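Data from model.txt: compact mmCIF, C-alpha atoms and all ligand atoms
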```
# COMPACT_ATOMS: atom_id res chain seq x y z
CA MET A 10 23.74 18.69 -9.49
CA LEU A 11 22.31 22.03 -10.57
CA PHE A 12 19.70 22.64 -7.87
CA LEU A 13 20.19 20.66 -4.71
CA ASP A 14 16.57 21.10 -3.64
CA GLN A 15 15.17 19.75 -6.91
CA THR A 16 14.69 16.08 -6.14
CA TYR A 17 12.38 13.46 -7.55
CA LEU A 18 10.96 10.82 -5.28
CA PHE A 19 9.87 7.60 -6.97
CA THR A 20 10.01 5.21 -4.04
CA PRO A 21 6.98 3.05 -3.21
CA GLY A 22 6.59 5.09 -0.03
CA PRO A 23 7.22 7.63 1.17
CA THR A 24 5.84 9.52 -1.81
CA PRO A 25 5.85 13.22 -2.79
CA ILE A 26 3.60 15.55 -0.81
CA PRO A 27 1.43 18.05 -2.69
CA ASN A 28 2.15 21.68 -1.75
CA ARG A 29 -1.42 22.24 -0.65
CA VAL A 30 -1.19 19.25 1.71
CA ASN A 31 2.03 20.70 3.16
CA ALA A 32 0.21 24.01 3.59
CA ALA A 33 -2.67 22.30 5.40
CA MET A 34 -0.20 20.57 7.73
CA ALA A 35 1.40 23.93 8.52
CA ARG A 36 -1.84 25.37 9.89
CA PRO A 37 -1.75 26.47 13.56
CA MET A 38 -1.93 23.62 16.05
CA ILE A 39 -5.30 22.80 17.62
CA GLY A 40 -5.98 20.83 20.79
CA HIS A 41 -7.00 17.25 20.22
CA ARG A 42 -9.75 17.52 22.83
CA SER A 43 -11.27 20.56 21.13
CA PRO A 44 -14.42 20.84 19.00
CA ASP A 45 -12.18 21.92 16.12
CA PHE A 46 -10.30 18.64 16.23
CA SER A 47 -13.50 16.61 16.55
CA ALA A 48 -14.84 18.28 13.42
CA LEU A 49 -11.55 17.58 11.61
CA LEU A 50 -11.41 13.93 12.64
CA GLU A 51 -15.04 13.27 11.77
CA ASP A 52 -14.59 14.92 8.40
CA VAL A 53 -11.58 12.74 7.55
CA ALA A 54 -13.17 9.54 8.93
CA THR A 55 -16.24 10.16 6.80
CA ARG A 56 -14.68 11.38 3.58
CA LEU A 57 -12.22 8.48 3.47
CA LYS A 58 -15.08 5.96 3.36
CA PRO A 59 -15.24 5.63 -0.45
CA VAL A 60 -11.47 5.19 -0.64
CA PHE A 61 -11.68 2.25 1.81
CA GLY A 62 -15.00 0.99 0.46
CA THR A 63 -16.57 0.96 3.89
CA LYS A 64 -19.77 2.23 5.46
CA HIS A 65 -18.11 2.61 8.87
CA PRO A 66 -15.88 5.57 9.74
CA VAL A 67 -12.22 5.07 8.88
CA TYR A 68 -10.11 5.03 12.05
CA THR A 69 -6.80 6.85 12.33
CA LEU A 70 -3.84 5.70 14.42
CA THR A 71 -0.70 7.72 15.00
CA SER A 72 1.92 5.17 14.00
CA SER A 73 3.41 3.58 10.89
CA GLY A 74 2.00 0.91 8.58
CA THR A 75 3.54 -1.92 10.59
CA SER A 76 1.45 -0.82 13.57
CA ALA A 77 -1.60 -1.20 11.35
CA LEU A 78 -0.53 -4.77 10.57
CA GLU A 79 0.04 -5.39 14.27
CA ALA A 80 -3.37 -3.86 15.07
CA ALA A 81 -4.94 -6.16 12.49
CA VAL A 82 -3.39 -9.16 14.24
CA VAL A 83 -3.89 -8.28 17.91
CA ASN A 84 -7.51 -7.25 17.45
CA THR A 85 -8.60 -10.41 15.69
CA VAL A 86 -6.55 -13.44 16.69
CA ALA A 87 -5.36 -14.45 20.13
CA GLU A 88 -2.44 -16.60 21.24
CA GLY A 89 -2.91 -20.23 20.25
CA GLU A 90 -5.53 -19.50 17.58
CA HIS A 91 -4.89 -20.49 13.97
CA ALA A 92 -4.36 -18.09 11.09
CA VAL A 93 -3.35 -18.45 7.46
CA VAL A 94 -1.00 -15.83 6.03
CA VAL A 95 -0.35 -15.47 2.32
CA VAL A 96 3.38 -14.80 2.00
CA ALA A 97 4.22 -13.55 -1.48
CA GLY A 98 7.01 -11.19 -0.46
CA SER A 99 8.61 -9.26 2.32
CA PHE A 100 5.40 -7.70 3.68
CA GLY A 101 3.48 -10.96 3.75
CA ASP A 102 6.45 -12.30 5.69
CA ARG A 103 6.19 -9.37 8.10
CA LEU A 104 2.49 -10.06 8.71
CA ALA A 105 3.23 -13.71 9.41
CA THR A 106 6.11 -12.80 11.72
CA ILE A 107 3.97 -10.39 13.72
CA ALA A 108 1.31 -13.06 14.23
CA GLU A 109 3.97 -15.65 15.17
CA ASN A 110 5.40 -13.22 17.72
CA TYR A 111 2.00 -13.08 19.39
CA GLY A 112 1.86 -16.86 19.64
CA VAL A 113 -0.67 -17.32 16.86
CA ALA A 114 -0.44 -20.71 15.09
CA VAL A 115 0.48 -19.38 11.65
CA HIS A 116 0.08 -21.43 8.48
CA ARG A 117 2.15 -19.73 5.79
CA LEU A 118 0.98 -20.07 2.22
CA ASN A 119 4.27 -19.35 0.44
CA ILE A 120 4.02 -17.94 -3.06
CA GLU A 121 6.97 -17.47 -5.38
CA TRP A 122 8.17 -13.86 -5.05
CA GLY A 123 7.07 -11.92 -8.14
CA LYS A 124 3.84 -13.88 -8.56
CA SER A 125 0.38 -13.29 -7.14
CA CYS A 126 -1.52 -15.79 -5.03
CA SER A 127 -4.17 -17.37 -7.22
CA PRO A 128 -7.58 -18.26 -5.77
CA GLU A 129 -6.87 -21.90 -6.69
CA GLU A 130 -3.68 -21.92 -4.59
CA LEU A 131 -5.54 -20.50 -1.62
CA GLU A 132 -8.37 -22.97 -2.12
CA ASP A 133 -6.00 -25.96 -2.17
CA PHE A 134 -4.18 -24.66 0.89
CA LEU A 135 -7.36 -24.15 2.88
CA LYS A 136 -8.65 -27.58 1.85
CA GLY A 137 -5.38 -29.03 3.11
CA LEU A 138 -6.15 -27.45 6.49
CA SER A 139 -9.72 -28.69 6.72
CA GLY A 140 -10.55 -29.50 10.32
CA THR A 141 -8.23 -26.77 11.61
CA PRO A 142 -10.22 -23.92 13.16
CA ILE A 143 -8.84 -21.02 11.12
CA LYS A 144 -9.70 -17.73 12.80
CA ALA A 145 -8.40 -15.44 10.09
CA VAL A 146 -6.79 -15.40 6.67
CA PHE A 147 -4.35 -12.54 6.13
CA ALA A 148 -3.17 -11.30 2.74
CA THR A 149 -1.15 -8.41 1.37
CA PHE A 150 -3.20 -6.54 -1.20
CA ASN A 151 -0.23 -5.02 -3.01
CA GLU A 152 3.08 -6.74 -2.25
CA THR A 153 5.37 -3.71 -2.35
CA SER A 154 8.54 -5.77 -2.31
CA THR A 155 7.71 -7.42 -5.66
CA GLY A 156 5.20 -5.08 -7.31
CA VAL A 157 2.38 -7.62 -7.35
CA LEU A 158 -1.29 -6.88 -6.85
CA ASN A 159 -3.07 -9.88 -5.38
CA PRO A 160 -6.59 -10.71 -6.64
CA VAL A 161 -8.15 -9.80 -3.33
CA ARG A 162 -11.80 -10.18 -4.29
CA ALA A 163 -11.25 -13.70 -5.63
CA LEU A 164 -9.20 -14.62 -2.53
CA GLY A 165 -11.92 -13.24 -0.25
CA GLU A 166 -14.53 -15.27 -2.08
CA VAL A 167 -12.50 -18.46 -1.46
CA VAL A 168 -12.05 -17.63 2.23
CA LYS A 169 -15.76 -17.11 2.77
CA ARG A 170 -16.81 -20.13 0.71
CA LEU A 171 -14.51 -22.57 2.48
CA THR A 172 -14.17 -21.24 6.03
CA ASP A 173 -15.75 -19.12 8.75
CA ALA A 174 -12.53 -17.14 8.99
CA LEU A 175 -12.09 -13.41 8.88
CA PHE A 176 -10.40 -12.03 5.78
CA ILE A 177 -7.85 -9.39 6.71
CA VAL A 178 -5.95 -7.32 4.18
CA ASP A 179 -2.80 -5.22 4.34
CA GLY A 180 -3.58 -2.44 1.90
CA VAL A 181 -0.58 -0.30 2.83
CA SER A 182 0.82 0.31 -0.64
CA CYS A 183 -2.39 0.50 -2.65
CA VAL A 184 -5.30 1.92 -0.66
CA GLY A 185 -5.90 5.30 -2.26
CA ALA A 186 -5.02 3.96 -5.71
CA VAL A 187 -7.21 0.89 -6.28
CA PRO A 188 -10.93 0.21 -6.06
CA VAL A 189 -11.98 -1.62 -2.93
CA ASP A 190 -15.36 -2.54 -1.48
CA LEU A 191 -15.23 -4.35 1.84
CA GLU A 192 -18.55 -6.08 1.27
CA LYS A 193 -18.00 -7.20 -2.31
CA ASP A 194 -14.36 -8.07 -1.65
CA HIS A 195 -15.32 -10.04 1.51
CA ILE A 196 -12.76 -8.05 3.54
CA ASP A 197 -13.32 -7.79 7.29
CA LEU A 198 -10.38 -5.56 8.14
CA LEU A 199 -8.40 -3.35 5.77
CA VAL A 200 -5.41 -1.36 6.95
CA THR A 201 -3.06 1.12 5.39
CA SER A 202 -0.66 3.93 6.21
CA SER A 203 -0.29 7.56 5.23
CA GLN A 204 2.96 7.70 3.26
CA LYS A 205 1.94 5.86 0.11
CA ALA A 206 -0.99 6.48 -2.23
CA LEU A 207 -2.58 8.83 0.31
CA MET A 208 0.00 11.55 -0.43
CA LEU A 209 0.91 12.22 3.21
CA PRO A 210 4.15 11.97 5.19
CA PRO A 211 4.77 8.81 7.24
CA GLY A 212 3.12 8.72 10.65
CA LEU A 213 -0.52 7.70 10.32
CA ALA A 214 -2.13 4.31 9.99
CA PHE A 215 -5.74 3.80 8.95
CA VAL A 216 -8.14 0.96 9.75
CA ALA A 217 -11.47 0.11 8.13
CA PHE A 218 -13.69 -2.86 8.99
CA SER A 219 -16.87 -4.68 8.07
CA ASP A 220 -19.67 -5.54 10.52
CA GLU A 221 -18.08 -8.96 11.06
CA GLY A 222 -14.71 -7.28 11.53
CA LEU A 223 -16.19 -5.00 14.17
CA ARG A 224 -17.67 -7.97 16.04
CA ALA A 225 -14.29 -9.70 15.92
CA ILE A 226 -12.51 -6.65 17.35
CA GLU A 227 -15.05 -6.41 20.16
CA GLY A 228 -14.76 -10.11 20.97
CA CYS A 229 -11.01 -10.61 20.60
CA LYS A 230 -9.41 -11.87 23.79
CA GLY A 231 -5.81 -11.02 22.87
CA LYS A 232 -3.87 -8.54 25.01
CA ARG A 233 -3.26 -5.08 23.56
CA PHE A 234 -3.21 -1.47 24.71
CA TYR A 235 -2.12 1.29 22.31
CA LEU A 236 -3.38 -0.75 19.38
CA ASP A 237 -6.66 -1.79 21.00
CA LEU A 238 -9.12 -0.71 18.32
CA ASN A 239 -11.97 -0.78 20.82
CA ARG A 240 -10.40 2.28 22.45
CA TYR A 241 -10.38 4.12 19.12
CA ILE A 242 -13.95 3.16 18.35
CA LYS A 243 -15.18 4.25 21.80
CA SER A 244 -13.27 7.52 21.70
CA TYR A 245 -14.63 8.28 18.23
CA GLU A 246 -18.19 7.36 19.09
CA THR A 247 -18.29 9.32 22.35
CA GLN A 248 -16.06 12.33 21.60
CA LYS A 249 -15.11 12.22 17.92
CA SER A 250 -11.57 11.99 19.17
CA THR A 251 -8.72 9.53 19.58
CA PRO A 252 -7.74 7.73 22.79
CA PHE A 253 -4.18 9.06 22.68
CA THR A 254 -2.63 12.26 21.34
CA PRO A 255 -2.89 12.04 17.56
CA ALA A 256 -0.63 13.56 14.90
CA VAL A 257 -3.00 16.49 14.48
CA SER A 258 -1.07 18.11 11.62
CA LEU A 259 -1.03 14.92 9.58
CA ILE A 260 -4.78 14.58 10.04
CA ALA A 261 -5.17 18.17 8.80
CA GLY A 262 -3.14 17.06 5.79
CA ALA A 263 -5.44 14.07 5.34
CA GLN A 264 -8.40 16.43 5.12
CA GLU A 265 -6.73 18.23 2.22
CA VAL A 266 -5.99 14.86 0.60
CA CYS A 267 -9.72 14.06 0.76
CA THR A 268 -10.43 17.34 -1.04
CA MET A 269 -7.86 16.54 -3.73
CA ILE A 270 -9.30 13.06 -4.28
CA GLU A 271 -12.80 14.49 -4.52
CA GLU A 272 -11.67 17.18 -6.96
CA GLU A 273 -9.96 14.66 -9.22
CA GLY A 274 -12.81 12.18 -8.77
CA TRP A 275 -12.19 8.83 -7.07
CA ASP A 276 -12.72 6.90 -10.31
CA ASN A 277 -10.18 9.12 -12.05
CA VAL A 278 -7.65 8.54 -9.27
CA ILE A 279 -7.98 4.81 -9.88
CA LYS A 280 -7.70 5.24 -13.65
CA ARG A 281 -4.63 7.45 -13.27
CA HIS A 282 -2.82 4.73 -11.34
CA THR A 283 -3.62 2.17 -14.02
CA LEU A 284 -2.23 4.56 -16.61
CA LEU A 285 0.95 5.16 -14.55
CA ARG A 286 1.45 1.40 -14.34
CA ASP A 287 0.92 0.85 -18.06
CA MET A 288 3.19 3.73 -19.04
CA THR A 289 5.97 2.61 -16.74
CA ARG A 290 5.84 -0.98 -17.91
CA ALA A 291 5.71 -0.04 -21.60
CA GLY A 292 8.65 2.34 -21.19
CA VAL A 293 10.82 -0.09 -19.25
CA GLN A 294 10.18 -2.85 -21.78
CA ALA A 295 11.05 -0.53 -24.65
CA LEU A 296 14.54 -0.32 -23.15
CA GLY A 297 14.85 -4.08 -23.16
CA LEU A 298 14.75 -4.29 -19.37
CA PRO A 299 12.85 -7.32 -18.04
CA LEU A 300 9.96 -6.79 -15.63
CA LEU A 301 9.71 -8.98 -12.56
CA THR A 302 5.96 -9.49 -12.77
CA ALA A 303 3.52 -10.63 -15.45
CA ASP A 304 0.99 -8.10 -16.76
CA ALA A 305 -1.87 -9.89 -15.02
CA ASP A 306 -0.20 -9.49 -11.61
CA ALA A 307 1.21 -6.00 -12.13
CA SER A 308 0.76 -3.44 -9.40
CA PRO A 309 -0.68 -0.03 -10.27
CA THR A 310 1.56 1.63 -7.67
CA VAL A 311 5.02 0.08 -8.01
CA THR A 312 6.92 -1.55 -10.86
CA SER A 313 9.81 -3.96 -10.26
CA VAL A 314 12.52 -4.21 -12.89
CA LYS A 315 15.01 -7.09 -13.02
CA PRO A 316 17.88 -6.08 -15.30
CA ASP A 317 19.77 -9.09 -16.61
CA THR A 318 22.93 -7.41 -17.92
CA LEU A 319 23.50 -4.60 -15.40
CA PRO A 320 23.49 -4.59 -11.59
CA ALA A 321 20.19 -3.10 -10.38
CA PRO A 322 21.85 -1.21 -7.48
CA ASP A 323 24.18 0.59 -9.95
CA ILE A 324 21.20 1.88 -11.92
CA GLN A 325 19.58 3.02 -8.69
CA LYS A 326 22.77 4.86 -7.65
CA ALA A 327 23.23 6.50 -11.06
CA LEU A 328 19.68 7.82 -11.11
CA LYS A 329 20.32 9.37 -7.73
CA SER A 330 23.70 10.90 -8.48
CA ASP A 331 23.01 12.12 -12.01
CA PHE A 332 19.35 13.09 -11.81
CA SER A 333 18.44 13.37 -8.11
CA ILE A 334 15.88 10.64 -8.72
CA THR A 335 15.29 8.27 -5.83
CA ILE A 336 13.92 4.85 -6.62
CA ALA A 337 13.99 1.72 -4.42
CA GLY A 338 16.07 -1.43 -4.52
CA GLY A 339 15.09 -5.01 -3.82
CA GLN A 340 14.37 -6.36 -0.35
CA LYS A 341 15.46 -9.58 1.32
CA LYS A 342 15.82 -12.32 -1.31
CA LEU A 343 15.43 -9.76 -4.11
CA LYS A 344 18.13 -7.46 -2.69
CA GLY A 345 20.61 -6.48 -5.39
CA LYS A 346 18.49 -8.15 -8.07
CA ILE A 347 15.75 -5.64 -8.81
CA PHE A 348 14.97 -1.96 -8.67
CA ARG A 349 11.52 -0.62 -8.00
CA ILE A 350 9.86 2.51 -9.36
CA GLY A 351 7.02 3.83 -7.24
CA HIS A 352 4.23 5.64 -9.09
CA MET A 353 1.51 6.37 -6.62
CA GLY A 354 -0.23 9.24 -4.93
CA TYR A 355 1.00 12.64 -6.08
CA CYS A 356 2.34 11.27 -9.37
CA THR A 357 1.33 12.27 -12.88
CA PRO A 358 1.91 10.65 -16.28
CA PHE A 359 4.46 13.39 -16.94
CA ASP A 360 6.39 12.34 -13.83
CA VAL A 361 6.68 8.85 -15.32
CA LEU A 362 8.22 10.35 -18.47
CA LYS A 363 10.87 12.02 -16.30
CA VAL A 364 12.03 8.80 -14.69
CA LEU A 365 11.92 6.93 -18.01
CA SER A 366 14.01 9.53 -19.82
CA ALA A 367 16.57 9.45 -17.01
CA LEU A 368 16.64 5.67 -17.34
CA GLU A 369 17.29 5.93 -21.08
CA LEU A 370 20.29 8.20 -20.47
CA THR A 371 21.57 6.10 -17.60
CA LEU A 372 21.70 2.96 -19.71
CA VAL A 373 23.84 4.80 -22.25
CA THR A 374 26.29 5.85 -19.54
CA PHE A 375 26.62 2.14 -18.72
CA GLY A 376 27.68 1.48 -22.30
CA GLN A 377 24.39 0.06 -23.53
CA GLU A 378 23.32 0.63 -27.10
CA PRO A 379 21.55 4.03 -27.07
CA LYS A 380 17.76 3.80 -27.17
CA LEU A 381 17.19 7.50 -26.63
CA GLY A 382 13.55 8.43 -26.60
CA ALA A 383 12.38 4.81 -26.90
CA ALA A 384 10.90 4.50 -23.41
CA VAL A 385 9.36 7.95 -23.46
CA LYS A 386 7.82 7.27 -26.87
CA LYS A 387 6.21 4.00 -25.80
CA ALA A 388 4.93 5.55 -22.58
CA GLU A 389 3.56 8.53 -24.46
CA GLU A 390 1.77 6.19 -26.83
CA VAL A 391 0.07 4.56 -23.85
CA TRP A 392 -0.79 7.96 -22.44
CA ILE A 393 -2.27 9.23 -25.71
CA LYS A 394 -4.57 6.20 -25.89
CA HIS A 395 -5.97 7.11 -22.47
CA VAL A 396 -6.54 10.81 -23.26
C1 LIG A 401 2.52 -3.64 1.95
C2 LIG A 401 3.20 -3.01 3.13
N1 LIG A 401 2.84 -3.39 4.36
C3 LIG A 401 3.41 -2.86 5.45
C4 LIG A 401 4.38 -1.90 5.35
C5 LIG A 401 5.01 -1.35 6.59
O1 LIG A 401 4.72 0.02 6.74
P1 LIG A 401 5.65 0.97 7.62
O2 LIG A 401 7.00 0.96 6.99
O3 LIG A 401 4.94 2.29 7.51
O4 LIG A 401 5.67 0.46 9.00
C6 LIG A 401 4.80 -1.46 4.10
C7 LIG A 401 5.86 -0.46 3.95
O5 LIG A 401 6.41 -0.23 2.90
C8 LIG A 401 4.19 -2.04 2.96
O6 LIG A 401 4.54 -1.65 1.73
```

In structure tokens, what does this structure look like?
Amino acid sequence: MLFLDQTYLFTPGPTPIPNRVNAAMARPMIGHRSPDFSALLEDVATRLKPVFGTKHPVYTLTSSGTSALEAAVVNTVAEGEHAVVVVAGSFGDRLATIAENYGVAVHRLNIEWGKSCSPEELEDFLKGLSGTPIKAVFATFNETSTGVLNPVRALGEVVKRLTDALFIVDGVSCVGAVPVDLEKDHIDLLVTSSQKALMLPPGLAFVAFSDEGLRAIEGCKGKRFYLDLNRYIKSYETQKSTPFTPAVSLIAGAQEVCTMIEEEGWDNVIKRHTLLRDMTRAGVQALGLPLLTADADASPTVTSVKPDTLPAPDIQKALKSDFSITIAGGQKKLKGKIFRIGHMGYCTPFDVLKVLSALELTLVTFGQEPKLGAAVKKAEEVWIKHV
């Protein structure tokens, strides 16, 4: 390797950090009970609203995405209550497992990994449970383990038409890259974390809620302490602060992220992610590599590739050793079968060309018929159409 510090991160989280965000995080420390911090927190909570599609402030927790999932569970459903969880991959499974650990009666709607949950499937499942008092329906917005974007608005519509349940969404690997509107999407609680499309290091979780979500949090009888959202709401409302010591530097970084999103324009951020998806998929297909997901289900933030003639882990290793490119492998039942290219947050169309050209060369080193330039060409053609 020529330059050891020149590395390329294409995992579906963590994602690359813009220099100006790193600079913001390196600012001198401030006390979290100071007016300076209150101004910072309020600024971030307010400016993140369009990204979460909420009218309420966006709440920040100092913990990883899984804590956001756990917060979503413990603040809405109590032991013995019923919940439906859409399980279309490893993170849907995690949501269900968290709820099961808290004694919630979980009804898993299992979807084949690599496919999205259709509104019809959810409708049939909920009809099959008629008479059961479902407190909440949980779904993963973007199933990172498969690269599938679930049709959240259509699922939310089914939930509200058929039940009185809350609709709770894990947006960890797509909030900051996809349009969302809590009201129109019928979402009561939406959670995410910092290290994905929001261009920050790991360490923060974010929570947004609807009016009904807020009422549910206030009324939930389940036990919780650090993740009790009522504490965060009270602390924010009374002091514009957090109940416990927050990761101040990461929140300073989040403020810079808000500026970057505003400079690019939120609509353009969304469009860029669609372009990154389309370029990646076109390029991969040009190399004859099969995609795991259908176009209609494809995630704008992560693309899963299922090579049929070469072992996916070998491709992953070669990209790392020959090009310093880090991509991700498969998880759980997809382990060893797929590789995943993350393209979210601080990622440009040109970055996609880099990973595709490295893929072209890698396939040749594995003895495949050379298709040099084929992936880059197809991706460039997609790019040109968008310009
Ligand atoms: C969709 C989804 N949910 C939850 C998580 C868990 O987040 P964390 O690893 O930050 O705890 C991840 C992490 O990749 C994810 O992609």

| task | Compare A:Asn31, A:Ser99, A:Ser250, A:Gln264 by their minimum atom-to-atom distance to Glu152 (chain A), counting only C-alpha atoms, and give me the closest one. | result | A:Ser99

| Neighbours of region 33-44 of chain A within 7 Å (only C-alpha atoms; same-chain residues fewer than 6 positions away dropped), as number ranges by chain? | A: 250, 254, 258-259, 261-262, 265

| Taking into account only C-alpha atoms, which residue in the set A:Thr318, A:Asn84, A:Pro255, A:Leu370 is nearest to Arg224 (chain A)? |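 Looking only at the distances to Arg224 (chain A), the closest residue turns out to be A:Asn84.
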
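Compared by their closest atoms to Leu328 (chain A), and using all atoms listed in the file, the residues A:Pro25, A:Thr16, A:Arg286, A:His65 rank with A:Thr16 nearest.
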
| task | Find the distance between CA of Gly101 (chain A) and CA of Val181 (chain A) and write it in Å to one decimal. | result |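 Between these atoms lies a distance of 11.4 Å.
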
Distance limit 9 Å, reference ligand LIG 401 (chain A), atoms considered: all atoms listed in the file. Which residues make the cut? Give them as a JSON list (two decimals) with C-alpha atoms, in the coordinates of the input.
```json
[["chain", "number", "residue", "atom", "x", "y", "z"],
["A", 21, "PRO", "CA", 6.98, 3.05, -3.21],
["A", 22, "GLY", "CA", 6.59, 5.09, -0.03],
["A", 23, "PRO", "CA", 7.22, 7.63, 1.17],
["A", 72, "SER", "CA", 1.92, 5.17, 14.00],
["A", 73, "SER", "CA", 3.41, 3.58, 10.89],
["A", 74, "GLY", "CA", 2.00, 0.91, 8.58],
["A", 75, "THR", "CA", 3.54, -1.92, 10.59],
["A", 76, "SER", "CA", 1.45, -0.82, 13.57],
["A", 77, "ALA", "CA", -1.60, -1.20, 11.35],
["A", 78, "LEU", "CA", -0.53, -4.77, 10.57],
["A", 99, "SER", "CA", 8.61, -9.26, 2.32],
["A", 100, "PHE", "CA", 5.40, -7.70, 3.68],
["A", 101, "GLY", "CA", 3.48, -10.96, 3.75],
["A", 103, "ARG", "CA", 6.19, -9.37, 8.10],
["A", 104, "LEU", "CA", 2.49, -10.06, 8.71],
["A", 149, "THR", "CA", -1.15, -8.41, 1.37],
["A", 150, "PHE", "CA", -3.20, -6.54, -1.20],
["A", 151, "ASN", "CA", -0.23, -5.02, -3.01],
["A", 152, "GLU", "CA", 3.08, -6.74, -2.25],
["A", 153, "THR", "CA", 5.37, -3.71, -2.35],
["A", 154, "SER", "CA", 8.54, -5.77, -2.31],
["A", 179, "ASP", "CA", -2.80, -5.22, 4.34],
["A", 180, "GLY", "CA", -3.58, -2.44, 1.90],
["A", 181, "VAL", "CA", -0.58, -0.30, 2.83],
["A", 182, "SER", "CA", 0.82, 0.31, -0.64],
["A", 183, "CYS", "CA", -2.39, 0.50, -2.65],
["A", 200, "VAL", "CA", -5.41, -1.36, 6.95],
["A", 201, "THR", "CA", -3.06, 1.12, 5.39],
["A", 202, "SER", "CA", -0.66, 3.93, 6.21],
["A", 203, "SER", "CA", -0.29, 7.56, 5.23],
["A", 204, "GLN", "CA", 2.96, 7.70, 3.26],
["A", 205, "LYS", "CA", 1.94, 5.86, 0.11],
["A", 211, "PRO", "CA", 4.77, 8.81, 7.24],
["A", 212, "GLY", "CA", 3.12, 8.72, 10.65],
["A", 213, "LEU", "CA", -0.52, 7.70, 10.32],
["A", 214, "ALA", "CA", -2.13, 4.31, 9.99]]
```

| field | Separation of CA of Phe19 (chain A) from CA of Leu209 (chain A), in Å and rounded to one decimal | value |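 So the answer is 14.3 Å.
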
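Distances from A:Glu378, A:Leu207, A:Val293, A:Gly156 to Arg349 (chain A) were compared using all atoms listed in the file, and the smallest one belongs to A:Gly156.
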
With all atoms listed in the file as the counted atoms, please give the residues lying no more than 10 Å from Glu130 (chain A), apart from itself and same-chain residues fewer than 2 positions off, as a compact mmCIF listing (two decimals) with C-alpha atoms, keeping the file's coordinate frame.
```txt
# COMPACT_ATOMS: atom_id res chain seq x y z
CA LEU A 118 0.98 -20.07 2.22
CA ASN A 119 4.27 -19.35 0.44
CA ILE A 120 4.02 -17.94 -3.06
CA SER A 125 0.38 -13.29 -7.14
CA CYS A 126 -1.52 -15.79 -5.03
CA SER A 127 -4.17 -17.37 -7.22
CA PRO A 128 -7.58 -18.26 -5.77
CA GLU A 132 -8.37 -22.97 -2.12
CA ASP A 133 -6.00 -25.96 -2.17
CA PHE A 134 -4.18 -24.66 0.89
CA LEU A 135 -7.36 -24.15 2.88
CA LYS A 136 -8.65 -27.58 1.85
CA LEU A 164 -9.20 -14.62 -2.53
CA VAL A 167 -12.50 -18.46 -1.46
```

| query | Could you state the separation of CA of Thr55 (chain A) and CA of Val67 (chain A) in Å, given to one decimal place? | reply |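 Interatomic distance here is 6.8 Å.
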
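Every protein, DNA or RNA residue with an atom at most 9 Å from Val278 (chain A), where all atoms listed in the file count and chain neighbours fewer than 3 positions away do not, is listed here: Gly185, Ala186, Val187, Ile270, Glu273, Gly274, Trp275, Arg281, His282, Thr283 and Gly354 of chain A.
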
Can those selected residues be exported to a file as a CSV table (one decimal), keeping the file's coordinate frame so that it contains C-alpha atoms?
```
chain,number,residue,atom,x,y,z
A,185,GLY,CA,-5.9,5.3,-2.3
A,186,ALA,CA,-5.0,4.0,-5.7
A,187,VAL,CA,-7.2,0.9,-6.3
A,270,ILE,CA,-9.3,13.1,-4.3
A,273,GLU,CA,-10.0,14.7,-9.2
A,274,GLY,CA,-12.8,12.2,-8.8
A,275,TRP,CA,-12.2,8.8,-7.1
A,281,ARG,CA,-4.6,7.4,-13.3
A,282,HIS,CA,-2.8,4.7,-11.3
A,283,THR,CA,-3.6,2.2,-14.0
A,354,GLY,CA,-0.2,9.2,-4.9
```

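Among the candidates A:Pro188, A:Gly222, A:Gly228, A:Pro309, the residue lying nearest to Leu175 (chain A) is A:Gly222 (atoms considered: all atoms listed in the file).
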
| field | Selection near Leu13 (chain A), 12 Å with only C-alpha atoms, sequence-local residues under 4 positions removed, as number ranges by chain | value | A: 17, 329-334

Can you write just those residues out, C-alpha atoms, as a compact mmCIF listing (two decimals), in the coordinates of the input?
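Writing done, so here's again28.txt:
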```txt
# COMPACT_ATOMS: atom_id res chain seq x y z
CA TYR A 17 12.38 13.46 -7.55
CA LYS A 329 20.32 9.37 -7.73
CA SER A 330 23.70 10.90 -8.48
CA ASP A 331 23.01 12.12 -12.01
CA PHE A 332 19.35 13.09 -11.81
CA SER A 333 18.44 13.37 -8.11
CA ILE A 334 15.88 10.64 -8.72
```

As a PDB file, in the coordinates of the input, could you write out region 37-42 of chain A once it has been completed with N, CA and C atoms?
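Saved the output as rebuild_18.pdb:
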```pdb
ATOM      1  N   PRO A  37      -2.009  26.425  12.110  1.00  0.00           N
ATOM      2  CA  PRO A  37      -1.750  26.470  13.560  1.00  0.00           C
ATOM      3  C   PRO A  37      -2.279  25.222  14.264  1.00  0.00           C
ATOM      4  N   MET A  38      -1.551  24.823  15.290  1.00  0.00           N
ATOM      5  CA  MET A  38      -1.930  23.620  16.050  1.00  0.00           C
ATOM      6  C   MET A  38      -3.272  23.832  16.750  1.00  0.00           C
ATOM      7  N   ILE A  39      -4.046  22.758  16.836  1.00  0.00           N
ATOM      8  CA  ILE A  39      -5.300  22.800  17.620  1.00  0.00           C
ATOM      9  C   ILE A  39      -5.248  21.676  18.653  1.00  0.00           C
ATOM     10  N   GLY A  40      -5.966  21.851  19.740  1.00  0.00           N
ATOM     11  CA  GLY A  40      -5.980  20.830  20.790  1.00  0.00           C
ATOM     12  C   GLY A  40      -6.767  19.616  20.326  1.00  0.00           C
ATOM     13  N   HIS A  41      -6.285  18.436  20.704  1.00  0.00           N
ATOM     14  CA  HIS A  41      -7.000  17.250  20.220  1.00  0.00           C
ATOM     15  C   HIS A  41      -8.237  16.925  21.042  1.00  0.00           C
ATOM     16  N   ARG A  42      -8.474  17.680  22.102  1.00  0.00           N
ATOM     17  CA  ARG A  42      -9.750  17.520  22.830  1.00  0.00           C
ATOM     18  C   ARG A  42     -10.668  18.719  22.562  1.00  0.00           C
TER      19      ARG A  42
END
```
